[in-house]
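A.B. asks: This one is my_file-v3.txt, compact mmCIF, N, CA and C atoms and all ligand atoms.
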```txt
# COMPACT_ATOMS: atom_id res chain seq x y z
N MET A 216 52.32 1.62 -45.17
CA MET A 216 52.30 2.98 -44.64
C MET A 216 53.54 3.69 -45.13
N LYS A 217 53.35 4.97 -45.38
CA LYS A 217 54.46 5.74 -45.91
C LYS A 217 55.17 6.46 -44.77
N THR A 218 56.49 6.44 -44.80
CA THR A 218 57.26 7.20 -43.82
C THR A 218 58.20 8.13 -44.56
N ILE A 219 58.17 9.38 -44.15
CA ILE A 219 59.08 10.35 -44.74
C ILE A 219 60.13 10.65 -43.67
N SER A 220 61.33 10.15 -43.93
CA SER A 220 62.40 10.24 -42.92
C SER A 220 63.31 11.42 -43.20
N ASP A 221 63.65 12.09 -42.13
CA ASP A 221 64.60 13.19 -42.24
C ASP A 221 65.68 12.94 -41.19
N ALA A 222 66.86 12.61 -41.65
CA ALA A 222 67.94 12.20 -40.74
C ALA A 222 68.25 13.26 -39.70
N THR A 223 67.99 14.50 -40.00
CA THR A 223 68.34 15.55 -39.04
C THR A 223 67.18 15.92 -38.12
N SER A 224 65.92 15.64 -38.54
CA SER A 224 64.81 16.14 -37.70
C SER A 224 63.76 15.11 -37.34
N GLY A 225 63.77 13.88 -37.94
CA GLY A 225 62.82 12.86 -37.51
C GLY A 225 62.04 12.22 -38.65
N ASP A 226 61.10 11.32 -38.27
CA ASP A 226 60.34 10.53 -39.25
C ASP A 226 58.86 10.89 -39.20
N LEU A 227 58.25 11.06 -40.35
CA LEU A 227 56.83 11.39 -40.45
C LEU A 227 56.12 10.22 -41.12
N GLY A 228 55.13 9.64 -40.43
CA GLY A 228 54.33 8.56 -41.02
C GLY A 228 52.99 9.10 -41.47
N VAL A 229 52.44 8.52 -42.54
CA VAL A 229 51.15 9.02 -43.05
C VAL A 229 50.32 7.88 -43.63
N ILE A 230 49.02 7.96 -43.41
CA ILE A 230 48.06 7.06 -44.06
C ILE A 230 47.00 7.93 -44.71
N GLU A 231 46.76 7.72 -45.99
CA GLU A 231 45.64 8.38 -46.67
C GLU A 231 44.41 7.50 -46.44
N PHE A 232 43.35 8.05 -45.86
CA PHE A 232 42.16 7.24 -45.56
C PHE A 232 41.60 6.58 -46.82
N GLN A 233 41.77 7.23 -47.95
CA GLN A 233 41.24 6.65 -49.20
C GLN A 233 41.95 5.34 -49.57
N ASP A 234 43.13 5.10 -48.99
CA ASP A 234 43.88 3.88 -49.30
C ASP A 234 43.51 2.73 -48.36
N LEU A 235 42.68 2.99 -47.35
CA LEU A 235 42.34 1.97 -46.36
C LEU A 235 41.16 1.13 -46.84
N PRO A 236 40.99 -0.09 -46.28
CA PRO A 236 39.86 -0.95 -46.68
C PRO A 236 38.51 -0.43 -46.18
N PHE A 237 38.51 0.55 -45.27
CA PHE A 237 37.26 1.17 -44.82
C PHE A 237 37.57 2.62 -44.44
N ALA A 238 36.52 3.42 -44.36
CA ALA A 238 36.69 4.81 -43.94
C ALA A 238 36.52 4.88 -42.42
N PRO A 239 37.57 5.22 -41.67
CA PRO A 239 37.47 5.22 -40.21
C PRO A 239 36.43 6.22 -39.69
N LYS A 240 35.72 5.78 -38.63
CA LYS A 240 34.79 6.68 -37.94
C LYS A 240 35.29 7.03 -36.54
N ARG A 241 36.36 6.36 -36.14
CA ARG A 241 36.83 6.54 -34.76
C ARG A 241 38.30 6.19 -34.70
N VAL A 242 39.03 6.89 -33.85
CA VAL A 242 40.42 6.52 -33.57
C VAL A 242 40.61 6.50 -32.06
N TYR A 243 41.30 5.49 -31.57
CA TYR A 243 41.64 5.47 -30.14
C TYR A 243 43.06 4.93 -30.00
N TRP A 244 43.62 5.10 -28.84
CA TRP A 244 45.00 4.65 -28.65
C TRP A 244 45.16 4.09 -27.25
N ILE A 245 46.12 3.22 -27.11
CA ILE A 245 46.39 2.55 -25.83
C ILE A 245 47.86 2.75 -25.50
N ARG A 246 48.11 3.16 -24.29
CA ARG A 246 49.49 3.33 -23.80
C ARG A 246 49.53 2.81 -22.37
N ASN A 247 50.67 2.84 -21.76
CA ASN A 247 50.80 2.38 -20.39
C ASN A 247 50.38 0.91 -20.24
N PHE A 248 50.73 0.10 -21.24
CA PHE A 248 50.48 -1.35 -21.16
C PHE A 248 51.17 -1.88 -19.90
N GLN A 249 50.50 -2.74 -19.19
CA GLN A 249 51.07 -3.25 -17.94
C GLN A 249 51.79 -4.57 -18.18
N LEU A 250 52.99 -4.67 -17.64
CA LEU A 250 53.84 -5.84 -17.82
C LEU A 250 53.08 -7.12 -17.40
N GLY A 251 53.11 -8.11 -18.27
CA GLY A 251 52.56 -9.42 -17.91
C GLY A 251 51.05 -9.54 -18.09
N SER A 252 50.38 -8.44 -18.45
CA SER A 252 48.94 -8.56 -18.65
C SER A 252 48.61 -8.44 -20.14
N THR A 253 47.43 -8.89 -20.51
CA THR A 253 47.01 -8.83 -21.91
C THR A 253 45.82 -7.88 -22.03
N ARG A 254 45.56 -7.44 -23.26
CA ARG A 254 44.36 -6.66 -23.56
C ARG A 254 43.63 -7.36 -24.72
N GLY A 255 42.49 -6.81 -25.05
CA GLY A 255 41.70 -7.43 -26.11
C GLY A 255 40.84 -8.50 -25.48
N ASN A 256 41.14 -9.77 -25.80
CA ASN A 256 40.37 -10.90 -25.26
C ASN A 256 38.89 -10.74 -25.58
N HIS A 257 38.61 -10.36 -26.81
CA HIS A 257 37.23 -10.25 -27.29
C HIS A 257 37.23 -10.29 -28.81
N ALA A 258 36.03 -10.38 -29.38
CA ALA A 258 35.84 -10.26 -30.83
C ALA A 258 34.76 -9.22 -31.06
N HIS A 259 34.67 -8.78 -32.31
CA HIS A 259 33.59 -7.87 -32.71
C HIS A 259 32.76 -8.53 -33.80
N ARG A 260 31.46 -8.32 -33.71
CA ARG A 260 30.56 -8.89 -34.72
C ARG A 260 30.71 -8.18 -36.07
N HIS A 261 30.80 -6.86 -36.04
CA HIS A 261 30.77 -6.08 -37.29
C HIS A 261 31.98 -5.16 -37.48
N LEU A 262 32.64 -4.83 -36.41
CA LEU A 262 33.69 -3.80 -36.48
C LEU A 262 34.95 -4.28 -37.19
N SER A 263 35.46 -3.44 -38.08
CA SER A 263 36.80 -3.65 -38.65
C SER A 263 37.75 -2.65 -38.01
N GLN A 264 39.00 -3.07 -37.86
CA GLN A 264 39.99 -2.19 -37.21
C GLN A 264 41.33 -2.27 -37.92
N ILE A 265 42.09 -1.21 -37.74
CA ILE A 265 43.47 -1.19 -38.22
C ILE A 265 44.35 -0.80 -37.04
N ALA A 266 45.31 -1.65 -36.74
CA ALA A 266 46.19 -1.43 -35.59
C ALA A 266 47.54 -0.93 -36.08
N ILE A 267 48.00 0.15 -35.45
CA ILE A 267 49.27 0.76 -35.83
C ILE A 267 50.08 1.03 -34.56
N VAL A 268 51.29 0.52 -34.51
CA VAL A 268 52.15 0.81 -33.36
C VAL A 268 52.90 2.12 -33.62
N LEU A 269 52.69 3.08 -32.74
CA LEU A 269 53.35 4.39 -32.88
C LEU A 269 54.68 4.43 -32.13
N GLN A 270 54.79 3.57 -31.12
CA GLN A 270 56.02 3.51 -30.32
C GLN A 270 56.14 2.12 -29.73
N GLY A 271 57.33 1.54 -29.72
CA GLY A 271 57.55 0.26 -29.07
C GLY A 271 57.18 -0.92 -29.96
N ARG A 272 56.75 -2.01 -29.33
CA ARG A 272 56.37 -3.21 -30.07
C ARG A 272 55.44 -4.04 -29.22
N LEU A 273 54.60 -4.85 -29.87
CA LEU A 273 53.75 -5.80 -29.16
C LEU A 273 53.33 -6.90 -30.12
N ILE A 274 52.70 -7.93 -29.56
CA ILE A 274 52.20 -9.03 -30.38
C ILE A 274 50.68 -9.04 -30.31
N ILE A 275 50.06 -9.20 -31.48
CA ILE A 275 48.60 -9.37 -31.54
C ILE A 275 48.33 -10.76 -32.10
N ASP A 276 47.65 -11.57 -31.30
CA ASP A 276 47.20 -12.89 -31.76
C ASP A 276 45.78 -12.75 -32.27
N LEU A 277 45.52 -13.35 -33.44
CA LEU A 277 44.17 -13.35 -34.01
C LEU A 277 43.69 -14.78 -34.15
N PHE A 278 42.50 -15.05 -33.60
CA PHE A 278 41.88 -16.36 -33.73
C PHE A 278 40.65 -16.21 -34.61
N ASP A 279 40.42 -17.16 -35.50
CA ASP A 279 39.19 -17.09 -36.28
C ASP A 279 38.25 -18.24 -35.94
N GLY A 280 38.45 -18.82 -34.78
CA GLY A 280 37.63 -19.96 -34.36
C GLY A 280 38.32 -21.28 -34.64
N ASN A 281 39.17 -21.33 -35.65
CA ASN A 281 39.92 -22.55 -35.97
C ASN A 281 41.42 -22.33 -35.85
N ASP A 282 41.89 -21.28 -36.52
CA ASP A 282 43.34 -21.06 -36.60
C ASP A 282 43.74 -19.80 -35.84
N ARG A 283 45.01 -19.79 -35.43
CA ARG A 283 45.56 -18.62 -34.76
C ARG A 283 46.75 -18.12 -35.56
N THR A 284 46.81 -16.79 -35.74
CA THR A 284 48.00 -16.19 -36.33
C THR A 284 48.53 -15.16 -35.33
N SER A 285 49.86 -15.03 -35.29
CA SER A 285 50.49 -14.08 -34.38
C SER A 285 51.21 -13.02 -35.21
N HIS A 286 51.04 -11.77 -34.80
CA HIS A 286 51.59 -10.66 -35.57
C HIS A 286 52.40 -9.77 -34.64
N GLU A 287 53.70 -9.66 -34.92
CA GLU A 287 54.52 -8.74 -34.12
C GLU A 287 54.52 -7.39 -34.81
N LEU A 288 54.06 -6.38 -34.09
CA LEU A 288 53.98 -5.04 -34.67
C LEU A 288 54.99 -4.13 -33.98
N SER A 289 55.61 -3.28 -34.79
CA SER A 289 56.53 -2.28 -34.24
C SER A 289 56.38 -1.02 -35.09
N VAL A 290 57.18 -0.02 -34.77
CA VAL A 290 57.05 1.24 -35.52
C VAL A 290 57.44 1.07 -36.99
N THR A 291 58.19 0.03 -37.29
CA THR A 291 58.59 -0.15 -38.69
C THR A 291 57.69 -1.14 -39.43
N SER A 292 56.69 -1.74 -38.73
CA SER A 292 55.79 -2.69 -39.42
C SER A 292 54.74 -1.93 -40.21
N ASP A 293 54.11 -2.66 -41.12
CA ASP A 293 52.90 -2.16 -41.76
C ASP A 293 51.78 -2.25 -40.73
N TYR A 294 50.64 -1.65 -41.02
CA TYR A 294 49.52 -1.78 -40.10
C TYR A 294 48.93 -3.18 -40.19
N LEU A 295 48.17 -3.57 -39.14
CA LEU A 295 47.49 -4.86 -39.14
C LEU A 295 45.99 -4.61 -39.25
N GLU A 296 45.36 -5.20 -40.27
CA GLU A 296 43.91 -5.09 -40.39
C GLU A 296 43.28 -6.24 -39.60
N ILE A 297 42.31 -5.89 -38.76
CA ILE A 297 41.58 -6.90 -37.98
C ILE A 297 40.13 -6.88 -38.48
N THR A 298 39.77 -7.90 -39.21
CA THR A 298 38.44 -7.95 -39.82
C THR A 298 37.42 -8.44 -38.79
N PRO A 299 36.12 -8.23 -39.04
CA PRO A 299 35.11 -8.65 -38.07
C PRO A 299 35.20 -10.15 -37.76
N GLY A 300 34.85 -10.51 -36.53
CA GLY A 300 34.78 -11.92 -36.16
C GLY A 300 36.07 -12.52 -35.67
N LYS A 301 37.12 -11.72 -35.55
CA LYS A 301 38.41 -12.24 -35.06
C LYS A 301 38.53 -12.01 -33.55
N TRP A 302 38.81 -13.08 -32.84
CA TRP A 302 39.14 -12.95 -31.41
C TRP A 302 40.58 -12.47 -31.33
N ARG A 303 40.83 -11.39 -30.60
CA ARG A 303 42.18 -10.83 -30.55
C ARG A 303 42.71 -10.73 -29.13
N VAL A 304 44.02 -10.96 -29.04
CA VAL A 304 44.73 -10.80 -27.77
C VAL A 304 45.97 -9.96 -28.05
N MET A 305 46.12 -8.88 -27.31
CA MET A 305 47.33 -8.07 -27.40
C MET A 305 48.22 -8.43 -26.21
N ARG A 306 49.47 -8.76 -26.49
CA ARG A 306 50.33 -9.25 -25.41
C ARG A 306 51.78 -8.83 -25.62
N ASP A 307 52.55 -8.99 -24.54
CA ASP A 307 54.01 -8.78 -24.58
C ASP A 307 54.40 -7.42 -25.14
N ALA A 308 53.66 -6.39 -24.73
CA ALA A 308 54.03 -5.03 -25.16
C ALA A 308 55.31 -4.61 -24.46
N ALA A 309 56.21 -4.03 -25.22
CA ALA A 309 57.45 -3.48 -24.63
C ALA A 309 57.09 -2.23 -23.83
N PRO A 310 57.90 -1.91 -22.80
CA PRO A 310 57.63 -0.68 -22.03
C PRO A 310 57.57 0.52 -22.98
N GLY A 311 56.59 1.37 -22.75
CA GLY A 311 56.46 2.60 -23.56
C GLY A 311 55.71 2.43 -24.86
N THR A 312 55.17 1.22 -25.10
CA THR A 312 54.46 0.99 -26.37
C THR A 312 53.19 1.83 -26.45
N VAL A 313 52.96 2.39 -27.63
CA VAL A 313 51.71 3.13 -27.91
C VAL A 313 51.08 2.51 -29.15
N LEU A 314 49.84 2.04 -28.98
CA LEU A 314 49.11 1.40 -30.09
C LEU A 314 47.95 2.31 -30.47
N MET A 315 47.86 2.63 -31.75
CA MET A 315 46.73 3.42 -32.25
C MET A 315 45.84 2.50 -33.08
N VAL A 316 44.52 2.68 -32.92
CA VAL A 316 43.57 1.83 -33.65
C VAL A 316 42.57 2.70 -34.40
N LEU A 317 42.43 2.44 -35.69
CA LEU A 317 41.39 3.09 -36.49
C LEU A 317 40.22 2.11 -36.56
N ALA A 318 39.02 2.62 -36.36
CA ALA A 318 37.85 1.74 -36.28
C ALA A 318 36.80 2.17 -37.29
N SER A 319 36.11 1.18 -37.86
CA SER A 319 35.15 1.45 -38.95
C SER A 319 33.82 1.97 -38.44
N LEU A 320 33.54 1.77 -37.14
CA LEU A 320 32.23 2.14 -36.58
C LEU A 320 32.42 2.88 -35.25
N GLU A 321 31.39 3.56 -34.83
CA GLU A 321 31.40 4.19 -33.52
C GLU A 321 31.44 3.11 -32.44
N TYR A 322 31.84 3.51 -31.24
CA TYR A 322 31.88 2.56 -30.12
C TYR A 322 30.47 2.03 -29.83
N ASP A 323 30.37 0.72 -29.71
CA ASP A 323 29.07 0.08 -29.43
C ASP A 323 29.35 -1.21 -28.66
N GLU A 324 29.08 -1.20 -27.37
CA GLU A 324 29.40 -2.37 -26.53
C GLU A 324 28.67 -3.61 -27.02
N SER A 325 27.49 -3.45 -27.64
CA SER A 325 26.74 -4.63 -28.09
C SER A 325 27.40 -5.33 -29.29
N ASP A 326 28.40 -4.68 -29.89
CA ASP A 326 29.14 -5.32 -30.99
C ASP A 326 30.23 -6.27 -30.47
N TYR A 327 30.52 -6.17 -29.17
CA TYR A 327 31.59 -6.99 -28.57
C TYR A 327 31.07 -8.39 -28.24
N ILE A 328 31.94 -9.38 -28.39
CA ILE A 328 31.74 -10.70 -27.78
C ILE A 328 32.92 -10.89 -26.84
N ARG A 329 32.66 -10.90 -25.55
CA ARG A 329 33.75 -10.91 -24.57
C ARG A 329 33.95 -12.27 -23.91
N ASP A 330 33.07 -13.21 -24.21
CA ASP A 330 33.17 -14.54 -23.60
C ASP A 330 33.59 -15.55 -24.67
N TRP A 331 34.65 -16.32 -24.37
CA TRP A 331 35.23 -17.23 -25.37
C TRP A 331 34.23 -18.27 -25.84
N ASN A 332 33.48 -18.88 -24.92
CA ASN A 332 32.52 -19.91 -25.32
C ASN A 332 31.39 -19.32 -26.16
N THR A 333 30.95 -18.11 -25.80
CA THR A 333 29.94 -17.43 -26.61
C THR A 333 30.50 -17.16 -28.00
N TYR A 334 31.78 -16.78 -28.05
CA TYR A 334 32.43 -16.51 -29.33
C TYR A 334 32.45 -17.77 -30.21
N LEU A 335 32.85 -18.90 -29.61
CA LEU A 335 32.92 -20.14 -30.40
C LEU A 335 31.55 -20.51 -30.96
N LYS A 336 30.51 -20.35 -30.14
CA LYS A 336 29.14 -20.65 -30.61
C LYS A 336 28.72 -19.67 -31.71
N TRP A 337 29.04 -18.39 -31.50
CA TRP A 337 28.69 -17.37 -32.50
C TRP A 337 29.42 -17.68 -33.81
N HIS A 338 30.71 -18.01 -33.70
CA HIS A 338 31.50 -18.27 -34.90
C HIS A 338 30.93 -19.47 -35.66
N GLU A 339 30.55 -20.50 -34.90
CA GLU A 339 29.98 -21.70 -35.54
C GLU A 339 28.68 -21.33 -36.26
N SER A 340 27.88 -20.45 -35.66
CA SER A 340 26.56 -20.10 -36.24
C SER A 340 26.71 -19.25 -37.48
N THR A 341 27.88 -18.62 -37.67
CA THR A 341 28.05 -17.75 -38.84
C THR A 341 28.66 -18.51 -40.02
N ARG A 342 28.99 -19.77 -39.82
CA ARG A 342 29.64 -20.53 -40.90
C ARG A 342 28.64 -21.07 -41.90
P1 LIG B 401 38.31 -2.56 -24.89
O1 LIG B 401 37.90 -2.40 -26.32
O2 LIG B 401 37.84 -3.79 -24.16
O3 LIG B 401 39.90 -2.45 -24.77
P2 LIG B 401 41.05 -3.52 -25.15
O4 LIG B 401 40.59 -4.32 -26.32
O5 LIG B 401 42.23 -2.68 -25.44
O6 LIG B 401 41.31 -4.38 -23.97
O7 LIG B 401 37.86 -1.24 -24.11
C1 LIG B 401 38.25 -1.02 -22.76
C2 LIG B 401 37.19 -0.13 -22.13
O8 LIG B 401 37.12 1.11 -22.81
C3 LIG B 401 35.79 -0.74 -22.17
O9 LIG B 401 35.14 -0.42 -20.94
C4 LIG B 401 35.12 0.00 -23.30
C5 LIG B 401 35.80 1.34 -23.30
N1 LIG B 401 35.90 1.95 -24.65
C6 LIG B 401 35.17 3.09 -24.94
O10 LIG B 401 34.41 3.62 -24.11
N2 LIG B 401 35.27 3.64 -26.20
C7 LIG B 401 36.06 3.10 -27.15
O11 LIG B 401 36.14 3.62 -28.30
C8 LIG B 401 36.82 1.92 -26.83
C9 LIG B 401 37.72 1.28 -27.85
C10 LIG B 401 36.70 1.37 -25.57
```
Can I see the file as structure tokens?
C.D. replies:
Amino acid sequence: MKTISDATSGDLGVIEFQDLPFAPKRVYWIRNFQLGSTRGNHAHRHLSQIAIVLQGRLIIDLFDGNDRTSHELSVTSDYLEITPGKWRVMRDAAPGTVLMVLASLEYDESDYIRDWNTYLKWHESTR
């Protein structure tokens, strides 16, 4: 991500949609993260996402059914691409954190897998 910094007036971040792995159809954001609780705890069958921290910092854990990777995101990090089929957990957000997410598809609850055991079975069936 490109940042244009101006020492006297602030920092401007920019993403050209043409540079992304998909053309976003939706953007949403999360703020007011509650101390000690997590978000996410689901996977998507088809949806791709890009997570960008606009303020603060948090950790996103990604599971692919076998392995887990942990990603600490802050305002100075690059964006995190979350490809379809990844179980994600957002945790340990600092007070005041704002997370913006670009999504490849419109909201569709039927694209979610919210149960871990269902996810493991689904993941096994897609291999
Ligand atoms: P969810 O994706 O589960 O949030 P998180 O992964 O941050 O924990 O969404 C929380 C609620 O918001 C759920 O009831 C679905 C709803 N929602 C929408 O209505 N539209 C949207 O675009 C999104 C992302 C969620």
A.B. asks: Just give me the gap between CA of Arg272 in chain A and atom C of Glu287 in chain A in Å, one decimal is fine.
C.D. replies: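 Answer for the CA of Arg272 in chain A to atom C of Glu287 in chain A separation: 6.6 Å.
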A.B. asks: So which residues touch Ile265 in chain A within 6 Å, counting only N, CA and C atoms, skipping near sequence neighbours fewer than 3 positions away, as a count of residues only?
C.D. replies: 7
A.B. asks: How would you write, as a PyMOL selection string, the set of residues no farther than 6 Å from ligand LIG 401 (chain B) when counting all atoms listed in the file?
C.D. replies: chain A and resi 254-256+322
A.B. asks: In Å to one decimal, how far is atom N of Arg342 in chain A from atom N of Ile267 in chain A?
C.D. replies: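 Distance between the two atoms: 27.9 Å.
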A.B. asks: Excluding Leu269 in chain A and residues on its chain fewer than 5 positions from it, collect all residues at most 7 Å away from it, counting all atoms listed in the file, and give them as a short mmCIF file (atom, residue, chain, number, x, y, z; two decimals) with N, CA and C atoms, in the coordinates of the input.
C.D. replies:
```
data_model
loop_
_atom_site.label_atom_id
_atom_site.label_comp_id
_atom_site.auth_asym_id
_atom_site.auth_seq_id
_atom_site.Cartn_x
_atom_site.Cartn_y
_atom_site.Cartn_z
N SER A 289 55.61 -3.28 -34.79
CA SER A 289 56.53 -2.28 -34.24
C SER A 289 56.38 -1.02 -35.09
N VAL A 290 57.18 -0.02 -34.77
CA VAL A 290 57.05 1.24 -35.52
C VAL A 290 57.44 1.07 -36.99
N THR A 312 55.17 1.22 -25.10
CA THR A 312 54.46 0.99 -26.37
C THR A 312 53.19 1.83 -26.45
N VAL A 313 52.96 2.39 -27.63
CA VAL A 313 51.71 3.13 -27.91
C VAL A 313 51.08 2.51 -29.15
N LEU A 314 49.84 2.04 -28.98
CA LEU A 314 49.11 1.40 -30.09
C LEU A 314 47.95 2.31 -30.47
N MET A 315 47.86 2.63 -31.75
CA MET A 315 46.73 3.42 -32.25
C MET A 315 45.84 2.50 -33.08
#
```
A.B. asks: So, with only C-alpha atoms as the atoms that count, which of A:Glu231, A:Trp337, A:Asn247, A:Met305 lies closest to Gln270 in chain A?
C.D. replies: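 Under the stated criterion, the closest residue is A:Asn247.
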A.B. asks: Padding of 5 Å on every side, edges along x, y and z, all listed atoms of range 227-239 of chain A included: what centre and edge lengths in Å, to one decimal, does that box have, as AutoDock Vina command-line options?
C.D. replies:
```
--center_x 47.3 --center_y 5.2 --center_z -44.6 --size_x 31.8 --size_y 22.3 --size_z 19.9
```
A.B. asks: If DSSP is run on the backbone, what residues of range 239-331 of chain A are helix (DSSP H, G or I)? A reply as a list in words would be ideal.
C.D. replies: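 Everything in range 239-331 of chain A that counts as helix (DSSP H, G or I) is Glu324, Ser325, Asp326 and Trp331 of chain A.
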A.B. asks: Which one is closest to Leu227 in chain A: A:Ser340, A:Ser285, A:Asn332, A:Thr291? Count only C-alpha atoms.
C.D. replies: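 For Leu227 in chain A, the nearest of the candidates is A:Thr291.
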A.B. asks: Can you tell me, as number ranges by chain, what residues are no more than 7 Å from Ala238 in chain A when counting only N, CA and C atoms, ignoring any on the same chain fewer than 5 positions away?
C.D. replies: A: 232-233, 318-320
A.B. asks: Hey, can you spit out that residue selection with N, CA and C atoms as a PDB file, in the coordinates of the input?
C.D. replies:
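Once written, part13.pdb looks like this:
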```
ATOM      1  N   PHE A 232      43.350   8.050 -45.860  1.00  0.00           N
ATOM      2  CA  PHE A 232      42.160   7.240 -45.560  1.00  0.00           C
ATOM      3  C   PHE A 232      41.600   6.580 -46.820  1.00  0.00           C
ATOM      4  N   GLN A 233      41.770   7.230 -47.950  1.00  0.00           N
ATOM      5  CA  GLN A 233      41.240   6.650 -49.200  1.00  0.00           C
ATOM      6  C   GLN A 233      41.950   5.340 -49.570  1.00  0.00           C
ATOM      7  N   ALA A 318      39.020   2.620 -36.360  1.00  0.00           N
ATOM      8  CA  ALA A 318      37.850   1.740 -36.280  1.00  0.00           C
ATOM      9  C   ALA A 318      36.800   2.170 -37.290  1.00  0.00           C
ATOM     10  N   SER A 319      36.110   1.180 -37.860  1.00  0.00           N
ATOM     11  CA  SER A 319      35.150   1.450 -38.950  1.00  0.00           C
ATOM     12  C   SER A 319      33.820   1.970 -38.440  1.00  0.00           C
ATOM     13  N   LEU A 320      33.540   1.770 -37.140  1.00  0.00           N
ATOM     14  CA  LEU A 320      32.230   2.140 -36.580  1.00  0.00           C
ATOM     15  C   LEU A 320      32.420   2.880 -35.250  1.00  0.00           C
TER      16      LEU A 320
END
```
A.B. asks: Between A:Lys240, A:His257, A:His286, A:Arg329, single out the one closest to Trp302 in chain A, counting all atoms listed in the file.
C.D. replies: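 Checking each of A:Lys240, A:His257, A:His286, A:Arg329 against Trp302 in chain A, counting all atoms listed in the file, the winner is A:His257.
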